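Here is the file data_38.cif (mmCIF, C-alpha atoms and all ligand atoms).
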```cif
data_coords
#
loop_
_atom_site.label_atom_id
_atom_site.label_comp_id
_atom_site.auth_asym_id
_atom_site.auth_seq_id
_atom_site.Cartn_x
_atom_site.Cartn_y
_atom_site.Cartn_z
CA MET A 1 0.54 -14.65 7.58
CA THR A 2 -3.18 -15.04 7.88
CA ALA A 3 -4.29 -11.87 6.14
CA ASP A 4 -7.75 -12.40 4.77
CA ASN A 5 -8.73 -11.00 1.41
CA SER A 6 -10.40 -7.86 2.64
CA LEU A 7 -7.38 -6.92 4.69
CA LEU A 8 -5.14 -7.62 1.75
CA ALA A 9 -7.37 -5.48 -0.43
CA ASP A 10 -7.20 -2.64 2.10
CA ILE A 11 -3.46 -2.72 2.30
CA LEU A 12 -2.87 -3.07 -1.40
CA SER A 13 -5.34 -0.32 -2.22
CA GLU A 14 -3.22 2.09 -0.22
CA MET A 15 -0.40 1.49 -2.65
CA MET A 16 -1.95 0.94 -6.03
CA THR A 17 -4.96 1.84 -8.07
CA LYS A 18 -8.22 -0.02 -7.98
CA ASP A 19 -7.47 -1.44 -11.43
CA HIS A 20 -4.24 -3.05 -10.23
CA LEU A 21 -6.12 -4.57 -7.36
CA THR A 22 -8.87 -5.86 -9.61
CA VAL A 23 -6.28 -7.54 -11.81
CA ILE A 24 -4.71 -9.26 -8.79
CA GLU A 25 -8.11 -10.38 -7.60
CA THR A 26 -8.90 -11.80 -11.02
CA LEU A 27 -5.82 -13.99 -10.83
CA SER A 28 -7.35 -16.55 -8.49
CA LYS A 29 -5.93 -18.96 -11.04
CA PRO A 30 -3.36 -18.41 -13.81
CA LYS A 31 -4.79 -16.55 -16.81
CA HIS A 32 -3.75 -15.11 -20.14
CA ASP A 33 -3.77 -11.34 -20.42
CA GLU A 34 -6.42 -11.33 -23.13
CA ASP A 35 -8.71 -13.42 -20.93
CA ILE A 36 -8.25 -11.00 -18.05
CA ALA A 37 -9.04 -8.15 -20.42
CA ALA A 38 -12.23 -9.87 -21.59
CA GLU A 39 -13.24 -10.69 -18.04
CA LEU A 40 -12.73 -7.15 -16.80
CA ASN A 41 -14.00 -5.55 -19.96
CA LEU A 42 -10.77 -3.60 -20.36
CA LYS A 43 -8.52 -3.14 -23.35
CA ALA A 44 -5.76 -5.75 -23.59
CA THR A 45 -3.16 -2.97 -23.75
CA VAL A 46 -4.49 -1.53 -20.49
CA VAL A 47 -4.37 -4.91 -18.81
CA ARG A 48 -0.81 -5.47 -20.03
CA THR A 49 0.27 -2.14 -18.57
CA LEU A 50 -1.34 -3.04 -15.24
CA LEU A 51 0.32 -6.46 -15.30
CA ASN A 52 3.68 -4.90 -16.07
CA ASP A 53 3.33 -2.56 -13.09
CA LEU A 54 2.51 -5.50 -10.87
CA HIS A 55 5.38 -7.45 -12.34
CA MET A 56 7.76 -4.62 -11.51
CA LYS A 57 6.64 -4.92 -7.91
CA ASN A 58 7.16 -8.70 -8.20
CA LEU A 59 3.54 -9.37 -7.32
CA VAL A 60 2.84 -11.39 -10.45
CA GLU A 61 4.85 -13.66 -12.70
CA TYR A 62 4.28 -15.13 -16.13
CA GLU A 63 5.01 -18.13 -18.28
CA ARG A 64 5.71 -17.40 -21.89
CA SER A 65 4.86 -19.87 -24.59
CA LYS A 66 4.85 -19.76 -28.35
CA ASN A 67 1.63 -20.31 -30.21
CA LYS A 68 2.59 -22.81 -32.89
CA LYS A 69 -0.08 -21.62 -35.33
CA THR A 70 0.52 -17.90 -35.17
CA GLY A 71 4.13 -17.91 -34.03
CA TRP A 72 3.21 -15.30 -31.42
CA TYR A 73 4.03 -15.50 -27.79
CA THR A 74 1.32 -15.81 -25.21
CA TYR A 75 1.73 -15.00 -21.56
CA LEU A 76 0.13 -16.92 -18.76
CA TRP A 77 0.01 -14.74 -15.66
CA LYS A 78 -0.17 -15.80 -12.04
CA LYS A 79 0.01 -13.95 -8.81
CA ARG A 80 2.88 -14.55 -6.45
CA GLU A 81 1.27 -15.32 -3.12
CA ASP A 82 4.66 -15.45 -1.41
CA ARG A 83 5.61 -12.00 -2.61
CA ILE A 84 2.21 -10.56 -1.87
CA ASP A 85 2.62 -11.77 1.70
CA GLU A 86 6.05 -10.19 1.91
CA PHE A 87 4.73 -7.02 0.37
CA VAL A 88 1.98 -6.80 2.97
CA LYS A 89 4.42 -7.53 5.79
CA GLY A 90 6.82 -4.89 4.51
CA HIS A 91 4.00 -2.40 4.33
CA LEU A 92 2.87 -3.20 7.86
CA SER A 93 6.41 -2.78 9.18
CA THR A 94 6.70 0.63 7.55
CA LYS A 95 3.34 1.60 8.93
CA LEU A 96 4.30 0.42 12.39
CA ALA A 97 7.52 2.44 12.29
CA ASP A 98 5.54 5.53 11.24
CA LEU A 99 3.03 5.07 14.01
CA ASN A 100 5.76 4.61 16.60
CA LYS A 101 7.46 7.76 15.38
CA GLN A 102 4.19 9.65 15.71
CA LEU A 103 3.68 8.17 19.15
CA ASP A 104 7.13 9.34 20.26
CA LEU A 105 6.30 12.81 19.06
CA GLU A 106 3.02 12.87 20.93
CA LYS A 107 4.55 11.47 24.09
CA ASP A 108 7.19 14.14 23.88
CA GLY A 109 4.64 16.48 25.41
CA VAL A 110 2.77 19.37 23.92
CA THR A 111 2.08 19.13 20.23
CA PHE A 112 0.77 21.65 17.78
CA ASN A 113 -1.00 21.30 14.52
CA CYS A 114 -2.17 23.21 11.49
CA SER A 115 -4.17 21.71 8.67
CA CYS A 116 -1.19 19.95 7.13
CA ARG A 117 1.04 18.62 9.91
CA ARG A 118 1.72 18.04 13.57
CA VAL A 119 4.87 19.27 15.24
CA ASN A 120 6.36 19.40 18.71
CA MET A 121 6.87 22.53 20.77
CA GLU A 122 10.45 22.97 19.61
CA SER A 123 9.62 22.95 15.90
CA ALA A 124 6.63 25.20 16.46
CA MET A 125 8.80 27.75 18.22
CA GLU A 126 11.41 27.65 15.48
CA THR A 127 8.94 29.08 13.00
CA ASN A 128 7.15 31.39 15.45
CA PHE A 129 4.13 29.12 15.64
CA VAL A 130 3.39 29.58 11.96
CA CYS A 131 3.51 26.63 9.59
CA PRO A 132 6.06 27.21 6.81
CA GLU A 133 4.00 25.02 4.48
CA CYS A 134 0.47 26.35 4.78
CA SER A 135 1.14 29.62 6.67
CA GLN A 136 -1.47 28.82 9.29
CA MET A 137 -0.93 29.45 12.98
CA TYR A 138 -0.23 26.28 14.91
CA VAL A 139 -2.86 25.36 17.44
CA GLU A 140 -2.04 23.38 20.55
CA SER A 141 -3.66 19.99 20.43
CA ASP A 142 -4.63 17.32 22.87
CA SER A 143 -1.90 14.70 22.82
CA LYS A 144 -3.59 12.36 25.25
CA LYS A 145 -6.40 11.46 22.90
CA ILE A 146 -3.97 10.99 20.05
CA VAL A 147 -1.62 8.85 22.11
CA LYS A 148 -4.52 6.59 22.95
CA ARG A 149 -5.63 6.34 19.32
CA LEU A 150 -2.06 5.63 18.17
CA GLU A 151 -1.59 2.94 20.79
CA ILE A 152 -4.74 1.19 19.65
CA GLU A 153 -3.67 1.40 16.04
CA ILE A 154 -0.18 0.11 16.84
CA LYS A 155 -1.66 -2.91 18.61
CA LYS A 156 -3.84 -3.58 15.60
CA VAL A 157 -0.95 -3.43 13.16
CA GLU A 158 1.23 -5.59 15.41
CA LYS A 159 -1.48 -8.21 15.49
CA LEU A 160 -1.82 -8.16 11.70
CA ARG A 161 1.88 -8.60 11.23
CA LYS A 162 1.98 -11.91 13.05
ZN ZN B 1 0.64 23.59 7.73
#
```

Written form, structure tokens:
Amino acid sequence: MTADNSLLADILSEMMTKDHLTVIETLSKPKHDEDIAAELNLKATVVRTLLNDLHMKNLVEYERSKNKKTGWYTYLWKKREDRIDEFVKGHLSTKLADLNKQLDLEKDGVTFNCSCRRVNMESAMETNFVCPECSQMYVESDSKKIVKRLEIEIKKVEKLRK
């Protein structure tokens, strides 16, 4: 996986908030949560919540140690490069599957769309050419252009996945 940082940022930002992403980016080396909070000018409780979210997704891990003076535990956080890679790959695979599904639909022939979805002729006929979601009339759309765009996008994703 040779995903550069901007690509990684793009992909991760599709799945999490900017704050989560900022926390990951801050972890270029292992850090304590209070240091991350100070660095990002966020409340420690906020940073801990963000870290916990990331931990649930297995994107970060921590080492716990006891402060001998205070008796409190401190947590040293690091990002899990291996899991982040896997996460990105998983995301790309899902995306690729979606794109291929769309492509099949478009190649199927005539497609219709409203403002919320695209359907094939069969589904459009089933609801009398009216979208059950937004109640708009379906309009026939130009599949050829879309097929071309999808094929380009699929190639791009396939390349990224390598
Ligand atoms: Zn609709």

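All residues, whether protein, DNA or RNA, that have an atom at most 8 Å from ligand ZN 1 (chain B) (counting all atoms listed in the file) are Asn113, Cys114, Ser115, Cys116, Arg117, Val130, Cys131, Pro132, Glu133, Cys134, Ser135, Gln136 and Tyr138 of chain A.
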
Please write the residues from the selection above to a file, keeping C-alpha atoms, as a PDB file, keeping the file's coordinate frame.
```
ATOM      1  CA  ASN A 113      -1.000  21.300  14.520  1.00  0.00           C
ATOM      2  CA  CYS A 114      -2.170  23.210  11.490  1.00  0.00           C
ATOM      3  CA  SER A 115      -4.170  21.710   8.670  1.00  0.00           C
ATOM      4  CA  CYS A 116      -1.190  19.950   7.130  1.00  0.00           C
ATOM      5  CA  ARG A 117       1.040  18.620   9.910  1.00  0.00           C
ATOM      6  CA  VAL A 130       3.390  29.580  11.960  1.00  0.00           C
ATOM      7  CA  CYS A 131       3.510  26.630   9.590  1.00  0.00           C
ATOM      8  CA  PRO A 132       6.060  27.210   6.810  1.00  0.00           C
ATOM      9  CA  GLU A 133       4.000  25.020   4.480  1.00  0.00           C
ATOM     10  CA  CYS A 134       0.470  26.350   4.780  1.00  0.00           C
ATOM     11  CA  SER A 135       1.140  29.620   6.670  1.00  0.00           C
ATOM     12  CA  GLN A 136      -1.470  28.820   9.290  1.00  0.00           C
ATOM     13  CA  TYR A 138      -0.230  26.280  14.910  1.00  0.00           C
TER      14      TYR A 138
END
```

Would you mind listing what lies within 8 Å of stretch 91-103 of chain A as JSON, numbers by chain, with all atoms listed in the file counted and same-chain residues fewer than 4 positions away left out?
-> {"A": [11, 87, 107, 147, 150, 151, 153, 154, 157, 158, 160, 161]}

Select, from A:Met125, A:Val110, A:Leu105, A:Met56, the residue with the minimum atom-to-atom distance to A:Arg83, counting all atoms listed in the file.
-> A:Met56

Between atom CA of A:Ile84 and atom CA of A:Leu59, measure the distance and give it in Å to one decimal.
-> 5.7 Å

Option closest in space to A:Tyr62, from A:Ile36, A:Asp85, A:Ile24, A:Pro30 [counting all atoms listed in the file] = A:Pro30

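The environment of stretch 43-54 of chain A within 8 Å, counting all atoms listed in the file and disregarding residues fewer than 3 places along the same chain, consists of Asp19, His20, Val23, Asp33, Glu34, Ile36, Ala37, Ala38, Lys57, Asn58, Leu59 and Val60 of chain A.
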
Counting only C-alpha atoms, figure out which residue out of A:Thr111, A:Thr74, A:Asn120, A:Ser13 gets nearest to A:Lys144.
-> A:Thr111

Using only C-alpha atoms, which of A:Lys145, A:Lys18, A:Lys155, A:Lys78 sits nearest A:Glu63?
->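 Result for the nearest residue to A:Glu63: A:Lys78.
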
Record the distance separating atom CA of A:Glu122 and atom CA of A:Glu140, expressed in Å with one decimal.
-> 12.5 Å

Pick from A:Lys162, A:Lys66, A:His32, A:Lys148, whichever lies nearest to A:Lys79 using all atoms listed in the file =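 Selected residue with least distance to A:Lys79: A:His32.
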
In Å to one decimal, how far is atom CA of A:Glu39 from atom CA of A:Thr26?
->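 Straight-line distance from atom CA of A:Thr26 to atom CA of A:Glu39 works out to 8.3 Å.
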
Kindly output stretch 146-157 of chain A as a CSV table (one decimal), keeping the file's coordinate frame, after building all heavy atoms.
```csv
chain,number,residue,atom,x,y,z
A,146,ILE,N,-4.7,11.5,21.2
A,146,ILE,CA,-4.0,11.0,20.0
A,146,ILE,C,-3.1,9.8,20.5
A,146,ILE,O,-3.0,8.8,19.7
A,146,ILE,CB,-3.2,12.1,19.4
A,146,ILE,CG1,-4.2,13.2,18.8
A,146,ILE,CG2,-2.3,11.6,18.3
A,146,ILE,CD1,-3.6,14.5,18.6
A,147,VAL,N,-2.5,9.9,21.6
A,147,VAL,CA,-1.6,8.8,22.1
A,147,VAL,C,-2.5,7.6,22.2
A,147,VAL,O,-2.1,6.5,21.8
A,147,VAL,CB,-1.0,9.2,23.5
A,147,VAL,CG1,-0.4,8.0,24.1
A,147,VAL,CG2,0.1,10.2,23.3
A,148,LYS,N,-3.6,7.7,22.8
A,148,LYS,CA,-4.5,6.6,23.0
A,148,LYS,C,-4.9,6.0,21.6
A,148,LYS,O,-4.8,4.8,21.4
A,148,LYS,CB,-5.8,7.0,23.7
A,148,LYS,CG,-6.4,6.0,24.5
A,148,LYS,CD,-7.4,6.5,25.4
A,148,LYS,CE,-7.8,5.6,26.5
A,148,LYS,NZ,-8.8,6.2,27.4
A,149,ARG,N,-5.2,6.8,20.6
A,149,ARG,CA,-5.6,6.3,19.3
A,149,ARG,C,-4.4,5.6,18.7
A,149,ARG,O,-4.6,4.6,18.1
A,149,ARG,CB,-6.1,7.5,18.5
A,149,ARG,CG,-6.5,7.1,17.1
A,149,ARG,CD,-7.0,8.3,16.3
A,149,ARG,NE,-6.0,9.4,16.1
A,149,ARG,CZ,-5.0,9.2,15.2
A,149,ARG,NH1,-4.8,8.1,14.5
A,149,ARG,NH2,-4.1,10.2,15.1
A,150,LEU,N,-3.3,6.2,18.8
A,150,LEU,CA,-2.1,5.6,18.2
A,150,LEU,C,-1.7,4.3,18.8
A,150,LEU,O,-1.4,3.3,18.1
A,150,LEU,CB,-0.9,6.6,18.3
A,150,LEU,CG,-0.9,7.8,17.4
A,150,LEU,CD1,0.3,8.7,17.8
A,150,LEU,CD2,-0.7,7.4,16.0
A,151,GLU,N,-1.9,4.2,20.1
A,151,GLU,CA,-1.6,2.9,20.8
A,151,GLU,C,-2.5,1.8,20.3
A,151,GLU,O,-2.1,0.7,20.1
A,151,GLU,CB,-1.6,3.1,22.3
A,151,GLU,CG,-0.4,3.8,22.8
A,151,GLU,CD,-0.4,4.2,24.3
A,151,GLU,OE1,-1.5,4.2,24.9
A,151,GLU,OE2,0.6,4.5,24.8
A,152,ILE,N,-3.8,2.2,20.1
A,152,ILE,CA,-4.7,1.2,19.6
A,152,ILE,C,-4.4,0.7,18.2
A,152,ILE,O,-4.3,-0.4,17.9
A,152,ILE,CB,-6.2,1.8,19.7
A,152,ILE,CG1,-6.6,2.0,21.1
A,152,ILE,CG2,-7.1,0.9,18.9
A,152,ILE,CD1,-7.9,2.7,21.3
A,153,GLU,N,-4.0,1.7,17.4
A,153,GLU,CA,-3.7,1.4,16.0
A,153,GLU,C,-2.4,0.6,16.0
A,153,GLU,O,-2.3,-0.4,15.2
A,153,GLU,CB,-3.5,2.7,15.2
A,153,GLU,CG,-3.8,2.5,13.8
A,153,GLU,CD,-4.0,3.8,13.1
A,153,GLU,OE1,-4.4,4.8,13.7
A,153,GLU,OE2,-3.6,3.9,11.9
A,154,ILE,N,-1.4,0.9,16.8
A,154,ILE,CA,-0.2,0.1,16.8
A,154,ILE,C,-0.5,-1.4,17.2
A,154,ILE,O,0.1,-2.3,16.6
A,154,ILE,CB,0.8,0.8,17.8
A,154,ILE,CG1,1.4,2.0,17.2
A,154,ILE,CG2,2.0,-0.2,18.1
A,154,ILE,CD1,2.2,2.9,18.1
A,155,LYS,N,-1.3,-1.5,18.2
A,155,LYS,CA,-1.7,-2.9,18.6
A,155,LYS,C,-2.3,-3.7,17.5
A,155,LYS,O,-2.0,-4.8,17.2
A,155,LYS,CB,-2.6,-2.9,19.8
A,155,LYS,CG,-1.9,-2.8,21.1
A,155,LYS,CD,-2.7,-3.3,22.3
A,155,LYS,CE,-2.1,-3.1,23.6
A,155,LYS,NZ,-2.8,-2.0,24.4
A,156,LYS,N,-3.2,-3.0,16.7
A,156,LYS,CA,-3.8,-3.6,15.6
A,156,LYS,C,-2.8,-4.0,14.5
A,156,LYS,O,-2.9,-5.1,14.0
A,156,LYS,CB,-4.8,-2.6,15.0
A,156,LYS,CG,-6.2,-3.1,14.9
A,156,LYS,CD,-7.3,-2.0,14.7
A,156,LYS,CE,-7.3,-1.4,13.3
A,156,LYS,NZ,-8.3,-0.3,13.3
A,157,VAL,N,-1.9,-3.1,14.2
A,157,VAL,CA,-1.0,-3.4,13.2
A,157,VAL,C,0.0,-4.6,13.6
A,157,VAL,O,0.3,-5.5,12.8
A,157,VAL,CB,-0.1,-2.2,12.8
A,157,VAL,CG1,1.0,-2.5,11.8
A,157,VAL,CG2,-1.0,-1.1,12.2
```
